[in-house]
$ cat work.txt   # compact mmCIF, C-alpha atoms and all ligand atoms
# COMPACT_ATOMS: atom_id res chain seq x y z
CA MET A 196 -20.34 3.66 -16.40
CA ARG A 197 -21.90 1.85 -13.48
CA THR A 198 -20.50 0.04 -10.45
CA THR A 199 -21.40 -1.03 -6.94
CA VAL A 200 -18.73 1.00 -5.15
CA GLY A 201 -17.17 4.07 -6.76
CA ILE A 202 -13.81 4.80 -5.12
CA ILE A 203 -12.16 8.19 -5.49
CA GLY A 204 -8.38 8.08 -5.02
CA ALA A 205 -5.72 5.40 -5.43
CA GLY A 206 -3.71 6.04 -2.30
CA PRO A 207 -3.43 3.25 0.27
CA ALA A 208 -7.09 3.66 1.33
CA GLY A 209 -8.63 3.45 -2.14
CA LEU A 210 -6.35 0.69 -3.40
CA LEU A 211 -6.81 -1.52 -0.34
CA LEU A 212 -10.58 -1.01 -0.39
CA ALA A 213 -10.70 -2.11 -4.04
CA ARG A 214 -8.73 -5.22 -3.10
CA LEU A 215 -10.95 -6.09 -0.11
CA LEU A 216 -14.10 -5.67 -2.21
CA HIS A 217 -12.67 -7.73 -5.06
CA ASN A 218 -11.86 -10.56 -2.63
CA ALA A 219 -15.46 -10.44 -1.38
CA GLY A 220 -16.90 -10.50 -4.90
CA ILE A 221 -18.11 -6.88 -4.88
CA ASP A 222 -17.28 -4.80 -7.94
CA SER A 223 -15.75 -1.34 -7.78
CA VAL A 224 -14.12 1.29 -9.97
CA VAL A 225 -11.19 3.39 -8.75
CA LEU A 226 -10.66 6.90 -10.15
CA GLU A 227 -7.24 8.48 -9.54
CA SER A 228 -6.35 11.98 -10.70
CA ARG A 229 -2.57 11.42 -10.90
CA ASP A 230 -0.58 9.07 -13.12
CA ARG A 231 0.64 5.68 -11.97
CA SER A 232 4.27 6.68 -11.60
CA TYR A 233 3.40 9.64 -9.37
CA VAL A 234 1.31 7.46 -7.05
CA GLU A 235 4.03 4.80 -6.91
CA HIS A 236 6.82 7.22 -6.04
CA ARG A 237 5.21 9.71 -3.64
CA GLN A 238 7.37 9.44 -0.49
CA ARG A 239 5.25 9.29 2.64
CA ALA A 240 4.58 6.76 5.39
CA GLY A 241 6.81 3.85 6.25
CA ILE A 242 5.59 2.27 9.50
CA LEU A 243 2.91 -0.41 9.37
CA GLU A 244 1.16 -1.36 12.59
CA GLN A 245 0.71 -5.03 13.40
CA GLY A 246 -2.99 -4.79 12.45
CA THR A 247 -2.14 -3.26 9.05
CA VAL A 248 0.32 -6.06 8.36
CA ASP A 249 -2.33 -8.63 9.31
CA VAL A 250 -4.90 -6.99 6.99
CA LEU A 251 -2.49 -6.93 4.02
CA ARG A 252 -1.73 -10.63 4.62
CA GLU A 253 -5.41 -11.56 4.80
CA ALA A 254 -6.00 -9.57 1.60
CA GLY A 255 -3.32 -11.56 -0.23
CA ALA A 256 -1.21 -8.43 -0.73
CA ALA A 257 1.73 -9.17 1.53
CA GLU A 258 4.03 -11.43 -0.46
CA ARG A 259 6.74 -8.80 -1.08
CA MET A 260 6.16 -7.09 2.28
CA ASP A 261 6.82 -10.41 4.02
CA ARG A 262 10.05 -10.78 2.03
CA GLU A 263 11.35 -7.22 2.19
CA GLY A 264 9.65 -5.52 5.15
CA LEU A 265 11.71 -5.05 8.30
CA ARG A 266 10.09 -6.16 11.54
CA HIS A 267 10.84 -3.70 14.35
CA ASP A 268 10.43 -4.69 17.97
CA GLY A 269 10.99 -1.27 19.46
CA ILE A 270 11.93 2.38 19.12
CA GLU A 271 14.53 4.47 20.87
CA LEU A 272 13.78 7.75 22.67
CA ARG A 273 16.68 10.20 22.96
CA PHE A 274 16.75 13.18 25.29
CA ASP A 275 19.40 14.84 27.43
CA ARG A 276 22.00 12.92 25.36
CA GLN A 277 20.64 9.66 26.87
CA ARG A 278 19.03 6.70 25.08
CA HIS A 279 16.00 4.74 26.17
CA ARG A 280 14.66 1.75 24.24
CA VAL A 281 10.95 0.90 24.29
CA ASP A 282 10.51 -2.87 23.83
CA PHE A 283 7.19 -3.42 22.02
CA PRO A 284 6.68 -7.21 22.29
CA GLY A 285 7.69 -7.23 25.96
CA LEU A 286 5.19 -4.49 26.80
CA THR A 287 2.28 -5.47 24.55
CA GLY A 288 2.21 -9.26 24.63
CA GLY A 289 4.13 -9.75 21.39
CA ARG A 290 3.11 -6.89 19.09
CA SER A 291 5.58 -5.18 16.73
CA VAL A 292 5.57 -2.87 13.69
CA THR A 293 6.95 -3.34 10.16
CA VAL A 294 9.02 -0.88 8.17
CA TYR A 295 7.74 -1.10 4.58
CA ALA A 296 7.28 2.08 2.58
CA GLN A 297 3.86 3.35 1.50
CA THR A 298 5.24 3.54 -2.05
CA GLU A 299 5.78 -0.23 -1.96
CA VAL A 300 2.34 -0.94 -0.46
CA CYS A 301 0.81 1.08 -3.32
CA LYS A 302 2.95 -0.64 -5.98
CA ASP A 303 1.90 -4.08 -4.69
CA LEU A 304 -1.81 -3.17 -4.59
CA ILE A 305 -1.74 -1.54 -8.04
CA ALA A 306 -0.07 -4.62 -9.54
CA LEU A 307 -2.71 -6.89 -7.97
CA GLN A 308 -5.54 -4.63 -9.14
CA PHE A 309 -4.33 -4.74 -12.75
CA LYS A 310 -3.77 -8.49 -12.57
CA GLU A 311 -7.11 -9.55 -11.14
CA GLY A 312 -9.16 -6.59 -9.83
CA GLY A 313 -11.71 -4.18 -11.32
CA PRO A 314 -11.06 -1.01 -13.30
CA LEU A 315 -8.44 1.41 -11.92
CA LEU A 316 -8.27 4.58 -14.01
CA PHE A 317 -5.26 6.85 -13.65
CA GLU A 318 -5.43 10.49 -14.72
CA ALA A 319 -9.17 10.32 -14.01
CA GLU A 320 -10.05 13.32 -11.86
CA ALA A 321 -13.27 13.29 -9.86
CA LEU A 322 -14.92 16.68 -10.25
CA ALA A 323 -17.85 16.21 -7.86
CA VAL A 324 -19.98 13.67 -6.03
CA GLU A 325 -23.65 14.20 -6.79
CA GLY A 326 -26.77 12.79 -5.17
CA ALA A 327 -24.95 11.56 -2.05
CA GLY A 328 -28.20 11.63 -0.11
CA SER A 329 -30.08 9.60 -2.76
CA ASP A 330 -30.13 5.87 -3.64
CA ARG A 331 -27.98 6.46 -6.72
CA PRO A 332 -24.96 8.63 -6.00
CA ARG A 333 -22.80 9.63 -8.99
CA ILE A 334 -19.22 10.72 -9.48
CA ARG A 335 -18.67 13.25 -12.21
CA PHE A 336 -15.11 12.87 -13.51
CA ARG A 337 -12.74 13.84 -16.33
CA HIS A 338 -10.68 11.18 -18.14
CA GLU A 339 -8.72 11.43 -21.38
CA GLY A 340 -10.05 14.93 -21.99
CA ARG A 341 -13.71 13.88 -21.64
CA GLU A 342 -16.22 14.37 -18.87
CA ASP A 343 -18.06 11.23 -17.79
CA VAL A 344 -20.33 10.01 -14.98
CA LEU A 345 -19.84 6.93 -12.79
CA GLU A 346 -23.14 5.74 -11.33
CA CYS A 347 -22.74 3.90 -8.04
CA GLU A 348 -24.60 2.28 -5.19
CA TYR A 349 -22.01 3.65 -2.77
CA VAL A 350 -19.22 6.22 -3.13
CA VAL A 351 -16.14 6.12 -0.92
CA GLY A 352 -14.01 9.27 -0.88
CA CYS A 353 -10.44 8.03 -0.43
CA ASP A 354 -9.14 11.19 -2.09
CA GLY A 355 -6.90 12.54 0.64
CA PHE A 356 -6.96 15.88 2.40
CA TRP A 357 -7.23 17.95 -0.81
CA GLY A 358 -9.92 15.80 -2.47
CA VAL A 359 -13.47 16.67 -3.55
CA ALA A 360 -15.58 14.07 -1.72
CA ARG A 361 -15.75 16.05 1.53
CA GLU A 362 -17.24 18.99 -0.38
CA ALA A 363 -20.40 16.93 -1.03
CA PHE A 364 -21.29 17.06 2.68
CA PRO A 365 -23.87 19.76 3.44
CA GLU A 366 -22.35 22.58 5.50
CA SER A 367 -25.03 22.08 8.14
CA LEU A 368 -23.81 18.48 8.69
CA SER A 369 -20.03 19.01 8.69
CA ARG A 370 -18.06 19.65 11.87
CA VAL A 371 -14.33 20.24 11.67
CA PHE A 372 -11.86 19.88 14.55
CA GLU A 373 -8.43 21.21 13.70
CA ARG A 374 -5.02 22.22 15.04
CA THR A 375 -2.04 23.51 13.08
CA TYR A 376 1.49 23.57 14.48
CA PRO A 377 4.08 26.33 14.14
CA TYR A 378 6.66 23.86 12.83
CA ALA A 379 7.10 21.33 10.02
CA TRP A 380 9.36 18.37 9.18
CA LEU A 381 12.20 18.62 6.71
CA GLY A 382 12.53 15.02 5.48
CA ILE A 383 15.38 13.47 3.51
CA LEU A 384 16.04 10.16 1.80
CA ALA A 385 19.73 9.23 1.78
CA ASP A 386 21.66 6.38 0.19
CA VAL A 387 23.33 5.24 3.38
CA ALA A 388 22.71 2.33 5.74
CA PRO A 389 20.64 3.45 8.78
CA SER A 390 22.86 4.40 11.74
CA HIS A 391 20.61 2.48 14.10
CA ASP A 392 18.56 -0.66 13.55
CA GLU A 393 15.36 0.85 15.04
CA LEU A 394 13.69 4.26 14.75
CA VAL A 395 15.16 6.98 16.97
CA TYR A 396 12.91 9.81 18.22
CA ALA A 397 15.09 12.61 19.61
CA ARG A 398 14.06 15.65 21.64
CA HIS A 399 16.68 18.40 21.69
CA ASP A 400 16.50 22.06 22.70
CA ARG A 401 17.30 22.90 19.04
CA GLY A 402 14.29 20.85 17.87
CA PHE A 403 13.07 17.32 17.18
CA ALA A 404 14.90 14.83 14.97
CA LEU A 405 13.86 11.38 13.73
CA LEU A 406 16.09 8.68 12.35
CA SER A 407 14.10 6.21 10.27
CA MET A 408 14.77 3.96 7.30
CA ARG A 409 13.28 2.54 4.11
CA SER A 410 15.58 -0.48 3.66
CA PRO A 411 18.93 -1.78 4.93
CA SER A 412 20.66 0.62 2.53
CA VAL A 413 18.34 3.67 2.50
CA SER A 414 17.89 6.05 5.46
CA ARG A 415 14.94 8.38 6.02
CA LEU A 416 15.62 11.24 8.43
CA TYR A 417 13.62 14.25 9.60
CA LEU A 418 14.35 17.58 11.28
CA GLN A 419 11.86 19.88 12.96
CA VAL A 420 11.96 23.23 11.08
CA PRO A 421 9.82 26.41 11.16
CA ALA A 422 6.47 25.99 9.36
CA ASP A 423 7.37 28.26 6.40
CA THR A 424 10.69 26.54 5.59
CA ASP A 425 11.76 26.00 1.95
CA ALA A 426 13.69 22.72 1.65
CA GLU A 427 16.08 24.35 -0.82
CA ASP A 428 17.26 26.75 1.90
CA TRP A 429 19.03 23.79 3.53
CA THR A 430 22.28 22.52 2.02
CA ASP A 431 23.00 18.81 2.40
CA GLU A 432 25.87 19.58 4.75
CA ALA A 433 23.72 21.80 6.97
CA ILE A 434 21.10 19.02 7.21
CA TRP A 435 23.66 16.41 8.29
CA ASP A 436 25.29 18.84 10.77
CA GLU A 437 21.94 19.60 12.38
CA LEU A 438 20.89 15.94 12.51
CA GLU A 439 24.20 15.13 14.18
CA ARG A 440 23.70 17.81 16.85
CA ARG A 441 20.16 16.76 17.71
CA LEU A 442 20.85 13.02 17.71
CA GLU A 443 24.18 12.98 19.53
CA THR A 444 24.57 10.96 22.72
CA ASP A 445 27.10 10.60 25.52
CA ASP A 446 28.24 7.18 24.29
CA ASP A 447 30.11 6.33 21.08
CA TRP A 448 27.05 6.29 18.74
CA ARG A 449 27.81 8.02 15.40
CA LEU A 450 25.56 9.20 12.53
CA ALA A 451 26.63 7.90 9.10
CA ARG A 452 26.29 10.39 6.23
CA GLY A 453 25.54 9.62 2.57
CA PRO A 454 24.22 11.21 -0.63
CA ILE A 455 20.81 12.85 -0.14
CA THR A 456 18.50 11.77 -2.98
CA GLN A 457 15.35 13.64 -1.99
CA LYS A 458 14.30 16.39 0.40
CA SER A 459 10.90 17.89 1.17
CA VAL A 460 8.99 19.76 3.88
CA THR A 461 5.86 18.25 5.47
CA PRO A 462 3.46 20.53 7.35
CA MET A 463 2.09 19.33 10.70
CA ARG A 464 -1.66 19.30 11.16
CA SER A 465 -4.33 17.60 13.27
CA TYR A 466 -7.74 17.51 11.55
CA VAL A 467 -10.96 15.55 11.90
CA HIS A 468 -14.11 15.92 9.80
CA GLU A 469 -17.27 14.59 11.44
CA PRO A 470 -19.32 12.69 10.45
CA MET A 471 -17.59 10.42 7.95
CA ARG A 472 -20.81 9.45 6.21
CA HIS A 473 -23.53 11.35 4.41
CA GLY A 474 -26.19 9.10 2.87
CA ARG A 475 -24.35 6.73 0.51
CA LEU A 476 -21.11 8.72 0.54
CA PHE A 477 -18.41 7.57 2.97
CA LEU A 478 -15.05 9.23 3.69
CA ALA A 479 -11.95 7.15 4.45
CA GLY A 480 -8.34 7.99 5.31
CA ASP A 481 -6.84 11.45 4.89
CA ALA A 482 -10.08 12.64 3.26
CA ALA A 483 -11.58 12.66 6.76
CA HIS A 484 -8.64 13.05 9.13
CA ILE A 485 -5.00 14.09 9.37
CA VAL A 486 -2.52 13.44 12.16
CA PRO A 487 0.96 14.91 12.54
CA PRO A 488 3.37 12.16 11.42
CA THR A 489 5.09 11.82 14.83
CA GLY A 490 2.91 8.86 15.84
CA ALA A 491 3.17 7.11 12.42
CA LYS A 492 -0.60 6.70 12.32
CA GLY A 493 -1.96 8.22 9.06
CA LEU A 494 -1.65 5.23 6.74
CA ASN A 495 -2.73 2.86 9.49
CA LEU A 496 -5.90 4.85 10.16
CA ALA A 497 -6.70 4.81 6.44
CA VAL A 498 -6.42 1.01 6.49
CA GLY A 499 -8.70 0.81 9.56
CA ASP A 500 -11.39 2.92 7.84
CA VAL A 501 -11.58 0.85 4.68
CA VAL A 502 -11.57 -2.45 6.58
CA THR A 503 -14.49 -1.11 8.65
CA PHE A 504 -16.35 -0.06 5.49
CA ALA A 505 -15.74 -3.35 3.67
CA ARG A 506 -16.92 -5.39 6.69
CA ALA A 507 -20.03 -3.23 7.01
CA LEU A 508 -20.91 -3.60 3.34
CA LEU A 509 -20.46 -7.39 3.48
CA HIS A 510 -22.61 -7.49 6.59
CA GLU A 511 -25.37 -5.70 4.71
CA ARG A 512 -25.03 -7.98 1.70
CA ASP A 513 -25.07 -11.14 3.81
CA THR A 514 -27.72 -10.22 6.37
CA GLY A 515 -29.65 -7.39 4.75
CA SER A 516 -28.97 -5.27 7.82
CA PRO A 517 -27.46 -1.79 7.38
CA GLU A 518 -26.54 -1.57 11.09
CA LEU A 519 -22.76 -1.64 10.54
CA LEU A 520 -22.93 0.87 7.70
CA ASP A 521 -25.03 3.09 9.94
CA ALA A 522 -22.39 2.75 12.65
CA TYR A 523 -19.44 3.36 10.24
CA SER A 524 -18.70 6.93 11.25
CA ALA A 525 -18.93 6.33 15.01
CA THR A 526 -16.89 3.10 14.79
CA CYS A 527 -14.06 4.77 12.85
CA LEU A 528 -14.07 7.94 14.94
CA ARG A 529 -13.46 6.10 18.22
CA ARG A 530 -10.16 4.78 16.88
CA ILE A 531 -9.33 8.00 15.04
CA TRP A 532 -9.62 10.12 18.17
CA GLN A 533 -7.32 7.74 20.07
CA ALA A 534 -4.78 8.14 17.26
CA GLU A 535 -5.28 11.93 17.25
CA ARG A 536 -4.64 11.98 20.99
CA PHE A 537 -1.51 9.82 20.72
CA SER A 538 -0.10 11.76 17.75
CA TYR A 539 -0.68 15.05 19.57
CA ASP A 540 0.97 13.71 22.76
CA MET A 541 4.04 12.47 20.87
CA THR A 542 4.30 15.72 18.92
CA SER A 543 3.97 18.03 21.91
CA MET A 544 6.36 15.91 24.01
CA LEU A 545 9.13 15.92 21.42
CA HIS A 546 8.94 19.31 19.63
CA PRO A 547 10.02 22.49 21.41
CA GLY A 548 7.63 25.22 20.17
CA PRO A 549 8.85 28.68 19.12
CA GLY A 550 7.20 30.39 22.12
CA ASP A 551 8.09 27.74 24.69
CA SER A 552 9.54 28.77 28.06
CA PRO A 553 12.17 26.87 30.07
CA PHE A 554 9.23 25.54 32.09
CA ASP A 555 7.76 23.94 28.93
CA ALA A 556 11.13 22.36 28.16
CA ARG A 557 11.32 20.86 31.66
CA LEU A 558 7.79 19.46 31.26
CA GLN A 559 8.77 17.72 28.01
CA LEU A 560 11.79 16.17 29.71
CA ALA A 561 9.64 15.11 32.67
CA ARG A 562 7.21 13.35 30.31
CA LEU A 563 10.07 11.53 28.59
CA GLY A 564 11.61 10.71 31.97
CA ARG A 565 8.30 9.25 33.10
CA ILE A 566 8.19 6.91 30.09
CA ALA A 567 11.79 5.87 30.74
CA SER A 568 11.11 5.06 34.40
CA SER A 569 7.53 3.78 34.58
CA ARG A 570 6.47 0.52 32.98
CA ALA A 571 2.86 1.75 32.95
CA ALA A 572 3.77 4.91 31.00
CA GLU A 573 6.00 2.96 28.65
CA THR A 574 3.27 0.36 28.04
CA ASP A 575 0.83 3.13 27.14
CA LEU A 576 3.22 4.36 24.44
CA ALA A 577 3.97 0.84 23.14
CA GLU A 578 0.28 -0.09 22.90
CA ALA A 579 -0.57 3.07 21.01
CA TYR A 580 2.45 2.89 18.68
CA THR A 581 1.84 -0.73 17.67
CA GLY A 582 -1.81 0.11 17.02
CA PHE A 583 -5.31 0.42 18.40
CA PRO A 584 -7.70 -2.42 17.61
CA LEU A 585 -10.28 -1.72 14.91
CA ASP A 586 -13.07 -1.65 17.48
CA ALA A 587 -11.11 0.61 19.90
C1 LIG B 1 6.08 12.91 4.94
C2 LIG B 1 4.97 12.04 5.45
C3 LIG B 1 5.28 10.99 6.31
C4 LIG B 1 4.28 10.17 6.79
N1 LIG B 1 4.62 9.13 7.62
C5 LIG B 1 3.67 8.26 8.03
C6 LIG B 1 4.02 7.09 8.78
O1 LIG B 1 5.18 6.81 9.10
N2 LIG B 1 3.02 6.23 9.13
C7 LIG B 1 1.72 6.47 8.78
O2 LIG B 1 0.86 5.65 9.11
N3 LIG B 1 1.37 7.58 8.06
C8 LIG B 1 2.31 8.47 7.66
N4 LIG B 1 1.96 9.54 6.86
C9 LIG B 1 0.56 9.74 6.48
C10 LIG B 1 0.14 8.85 5.31
O3 LIG B 1 1.04 8.99 4.25
C11 LIG B 1 -1.27 9.22 4.89
O4 LIG B 1 -2.09 9.20 6.02
C12 LIG B 1 -1.80 8.25 3.81
O5 LIG B 1 -1.22 8.55 2.57
C13 LIG B 1 -3.31 8.33 3.71
O6 LIG B 1 -3.76 7.52 2.66
P1 LIG B 1 -5.07 7.91 1.83
O7 LIG B 1 -5.21 6.83 0.83
O8 LIG B 1 -6.14 8.21 2.77
O9 LIG B 1 -4.72 9.31 1.14
P2 LIG B 1 -3.63 9.68 0.05
O10 LIG B 1 -2.42 8.83 0.18
O11 LIG B 1 -3.45 11.16 0.13
O12 LIG B 1 -4.32 9.29 -1.32
C14 LIG B 1 -5.36 10.06 -1.88
C15 LIG B 1 -5.36 9.85 -3.37
O13 LIG B 1 -6.47 10.52 -3.95
C16 LIG B 1 -6.06 11.17 -5.14
N5 LIG B 1 -7.01 12.25 -5.40
C17 LIG B 1 -7.12 13.44 -4.78
N6 LIG B 1 -8.11 14.17 -5.30
C18 LIG B 1 -8.65 13.42 -6.29
C19 LIG B 1 -9.70 13.64 -7.22
N7 LIG B 1 -10.41 14.79 -7.23
N8 LIG B 1 -9.99 12.66 -8.12
C20 LIG B 1 -9.29 11.50 -8.12
N9 LIG B 1 -8.27 11.24 -7.27
C21 LIG B 1 -7.96 12.20 -6.36
C22 LIG B 1 -4.66 11.62 -4.82
O14 LIG B 1 -3.89 11.87 -5.98
C23 LIG B 1 -4.13 10.44 -4.03
O15 LIG B 1 -3.51 9.47 -4.85
C24 LIG B 1 2.94 10.40 6.40
C25 LIG B 1 2.61 11.45 5.53
C26 LIG B 1 3.60 12.27 5.06
C27 LIG B 1 3.23 13.39 4.12

$ encode --input "work.txt" --output "structure tokens" --more "lines below"
Ligand SMILES: Cc1cc2nc3c(=O)[nH]c(=O)nc-3n(C[C@H](O)[C@H](O)[C@H](O)COP(=O)(O)OP(=O)(O)OC[C@H]3O[C@@H](n4cnc5c(N)ncnc54)[C@H](O)[C@@H]3O)c2cc1C
Amino acid sequence: MRTTVGIIGAGPAGLLLARLLHNAGIDSVVLESRDRSYVEHRQRAGILEQGTVDVLREAGAAERMDREGLRHDGIELRFDRQRHRVDFPGLTGGRSVTVYAQTEVCKDLIALQFKEGGPLLFEAEALAVEGAGSDRPRIRFRHEGREDVLECEYVVGCDGFWGVAREAFPESLSRVFERTYPYAWLGILADVAPSHDELVYARHDRGFALLSMRSPSVSRLYLQVPADTDAEDWTDEAIWDELERRLETDDDWRLARGPITQKSVTPMRSYVHEPMRHGRLFLAGDAAHIVPPTGAKGLNLAVGDVVTFARALLHERDTGSPELLDAYSATCLRRIWQAERFSYDMTSMLHPGPGDSPFDARLQLARLGRIASSRAAETDLAEAYTGFPLDA
């Protein structure tokens, strides 16, 4: 098999890249190790930045999102039993975010790919990228019990944190910047209307809690738990009781309970692999970087990377100049580090750590109090939450 761009992974990064290339008349093949149903039902991100929404529209992949996505003009911060709303459009000159689940983004892109795009092979596991430093990189992969080779002009590793593309970087080139956190998120999906119409980020001495949603009838909620937590150790009743404690306020706000349909534990990690390019191999999305989910940035960064790659490739095709491809890693990393910084700030402001002192707790409250009382501090949060421009 031969193609111009070999894409490993059919998460949001790989699927959107295939779509962008198809629209520009560049052929690609996507290899995905899992089956279609798994990819379409893996519960993950749900907040799309304004820029991500704009990209999906331009790519012709936003018809259902525009119908079913929920535009959100703010978030609420809760601390000391008080509520503070951050008004995004008022602080950012009109920007907002959209609640539309990653599962739905993937379903829409997969449907488009099968309707009019190039080959997308499920249950096709990339085993290795070979010849990344040469003119003709190859992906060795296994599909339907057979090993095969995909010859490419470019390979883009969109294969997530546990993928194989990163392994093709020589050790002498790779630099890793990493932080792990001593806590995780216990996330639930529940068949109950969200108890608030915007996301609620709550800091409590017992730990962080987040009230989010997937649709007008499905709630998504999270609790900070110790890093080694097993989701099955938590009964449904214990989860609701703890959410209620951490989210409660001095006014008459109440948390509505409903049947829990899914629960899982997400580890918290900050990770950046530099550079994001080696020869004709490029990394995009979680394959190159991870943020803790507190800032809702992971999926949005993945989108930024593939847009940057697609633009650079078109620039080379149209002008013959590789300057944007050469700048790919540096261009992406500027935005990525801003998102890493924001995600770290949100995480450390809202999560009491196991070894924290009363002094640390007071500092967290002071940071939240600053946002609630200073327009400059609040604007900083709103700008970062609604998204950094691609050329940040
Ligand atoms: C619980 C949770 C909540 C989150 N919330 C948010 C949020 O609100 N907002 C936000 O922006 N982000 C959020 N994120 C992060 C977001 O989900 C990820 O950043 C996003 O999925 C990255 O997309 P990707 O395409 O780079 O990687 P992935 O989605 O991980 O896709 C990689 C794909 O590659 C495939 N693959 C792996 N290895 C191989 C191989 N060898 N061969 C072939 N295929 C392979 C995988 O099966 C997978 O389908 C959240 C993540 C989690 C876990």

$ atom_distance --input "work.txt" --atom1 "atom CA of A:Glu244" --atom2 "atom CA of A:His279"
21.0 Å

$ residues_near_ligand --input "work.txt" --ligand "ligand LIG 1 (chain B)" --cutoff "7 Å" --atoms "all atoms listed in the file" --output "PyMOL selection string"
chain A and resi 203-209+226-229+234+238-243+297+319-322+353-359+382+461+479-482+485+488+491-497

$ residues_around --input "work.txt" --residues "A:Asp275" --least-positions-apart "4" --cutoff "12 Å" --atoms "all atoms listed in the file" --output "ChimeraX atom specification"
/A:279,397-401,440-445,545,556-557,559-561,563-564

$ closest_residue --input "work.txt" --among "A:Val248, A:Leu211, A:Leu416, A:Ala404" --to "A:Gly453" --atoms "all atoms listed in the file"
A:Leu416

$ atom_distance --input "work.txt" --atom1 "atom CA of A:Arg415" --atom2 "atom CA of A:Pro584"
27.6 Å

$ closest_atom_pairs --input "work.txt" --of "stretch 213-289 of chain A" --to "stretch 509-530 of chain A" --cutoff "12 Å" --atoms "all atoms listed in the file" --output "CSV"
residue,atom,partner,partner_atom,distance
A:Leu215,CA,A:Leu509,CA,10.2
A:Leu216,CA,A:Leu509,CA,8.7
A:His217,CA,A:Leu509,CA,11.6
A:Asn218,CA,A:Leu509,CA,11.0
A:Ala219,CA,A:Leu509,CA,7.6
A:Gly220,CA,A:Leu509,CA,9.6
A:Ile221,CA,A:Leu509,CA,8.7

$ closest_residue --input "work.txt" --among "A:Gly201, A:Ala433, A:Arg464, A:Leu286" --to "A:Ala360" --atoms "all atoms listed in the file"
A:Gly201

$ closest_residue --input "work.txt" --among "A:Ser232, A:Arg331, A:Phe274, A:Ala379" --to "A:Glu318" --atoms "only C-alpha atoms"
A:Ser232

$ residues_around --input "work.txt" --residues "A:Phe364" --least-positions-apart "6" --cutoff "10 Å" --atoms "all atoms listed in the file" --output "PDB file with C-alpha atoms, in the coordinates of the input"
ATOM      1  CA  VAL A 324     -19.980  13.670  -6.030  1.00  0.00           C
ATOM      2  CA  ALA A 327     -24.950  11.560  -2.050  1.00  0.00           C
ATOM      3  CA  GLY A 328     -28.200  11.630  -0.110  1.00  0.00           C
ATOM      4  CA  GLU A 469     -17.270  14.590  11.440  1.00  0.00           C
ATOM      5  CA  PRO A 470     -19.320  12.690  10.450  1.00  0.00           C
ATOM      6  CA  MET A 471     -17.590  10.420   7.950  1.00  0.00           C
ATOM      7  CA  ARG A 472     -20.810   9.450   6.210  1.00  0.00           C
ATOM      8  CA  HIS A 473     -23.530  11.350   4.410  1.00  0.00           C
ATOM      9  CA  GLY A 474     -26.190   9.100   2.870  1.00  0.00           C
ATOM     10  CA  LEU A 476     -21.110   8.720   0.540  1.00  0.00           C
ATOM     11  CA  PHE A 477     -18.410   7.570   2.970  1.00  0.00           C
TER      12      PHE A 477
END

$ residues_around --input "work.txt" --residues "A:Arg570" --least-positions-apart "6" --cutoff "12 Å" --atoms "all atoms listed in the file" --output "VMD selection string"
chain A and resid 281 to 283 285 to 287 564 576 to 578

$ build_atoms --input "work.txt" --residues "stretch 447-457 of chain A" --atoms "N, CA and C atoms" --output "CSV table (one decimal), in the coordinates of the input"
chain,number,residue,atom,x,y,z
A,447,ASP,N,29.3,6.2,22.3
A,447,ASP,CA,30.1,6.3,21.1
A,447,ASP,C,29.3,6.2,19.8
A,448,TRP,N,27.9,6.4,19.9
A,448,TRP,CA,27.0,6.3,18.7
A,448,TRP,C,27.4,7.4,17.7
A,449,ARG,N,27.5,7.0,16.4
A,449,ARG,CA,27.8,8.0,15.4
A,449,ARG,C,26.8,8.0,14.3
A,450,LEU,N,26.5,9.1,13.7
A,450,LEU,CA,25.6,9.2,12.5
A,450,LEU,C,26.4,9.0,11.2
A,451,ALA,N,26.0,8.1,10.4
A,451,ALA,CA,26.6,7.9,9.1
A,451,ALA,C,26.0,8.8,8.1
A,452,ARG,N,26.8,9.5,7.3
A,452,ARG,CA,26.3,10.4,6.2
A,452,ARG,C,26.4,9.7,4.9
A,453,GLY,N,25.5,10.2,3.9
A,453,GLY,CA,25.5,9.6,2.6
A,453,GLY,C,24.9,10.6,1.6
A,454,PRO,N,24.8,10.3,0.3
A,454,PRO,CA,24.2,11.2,-0.6
A,454,PRO,C,22.7,11.3,-0.4
A,455,ILE,N,22.3,12.6,-0.3
A,455,ILE,CA,20.8,12.8,-0.1
A,455,ILE,C,20.1,12.8,-1.5
A,456,THR,N,19.1,11.9,-1.7
A,456,THR,CA,18.5,11.8,-3.0
A,456,THR,C,17.2,12.5,-3.1
A,457,GLN,N,16.6,12.9,-1.9
A,457,GLN,CA,15.4,13.6,-2.0
A,457,GLN,C,15.2,14.4,-0.7
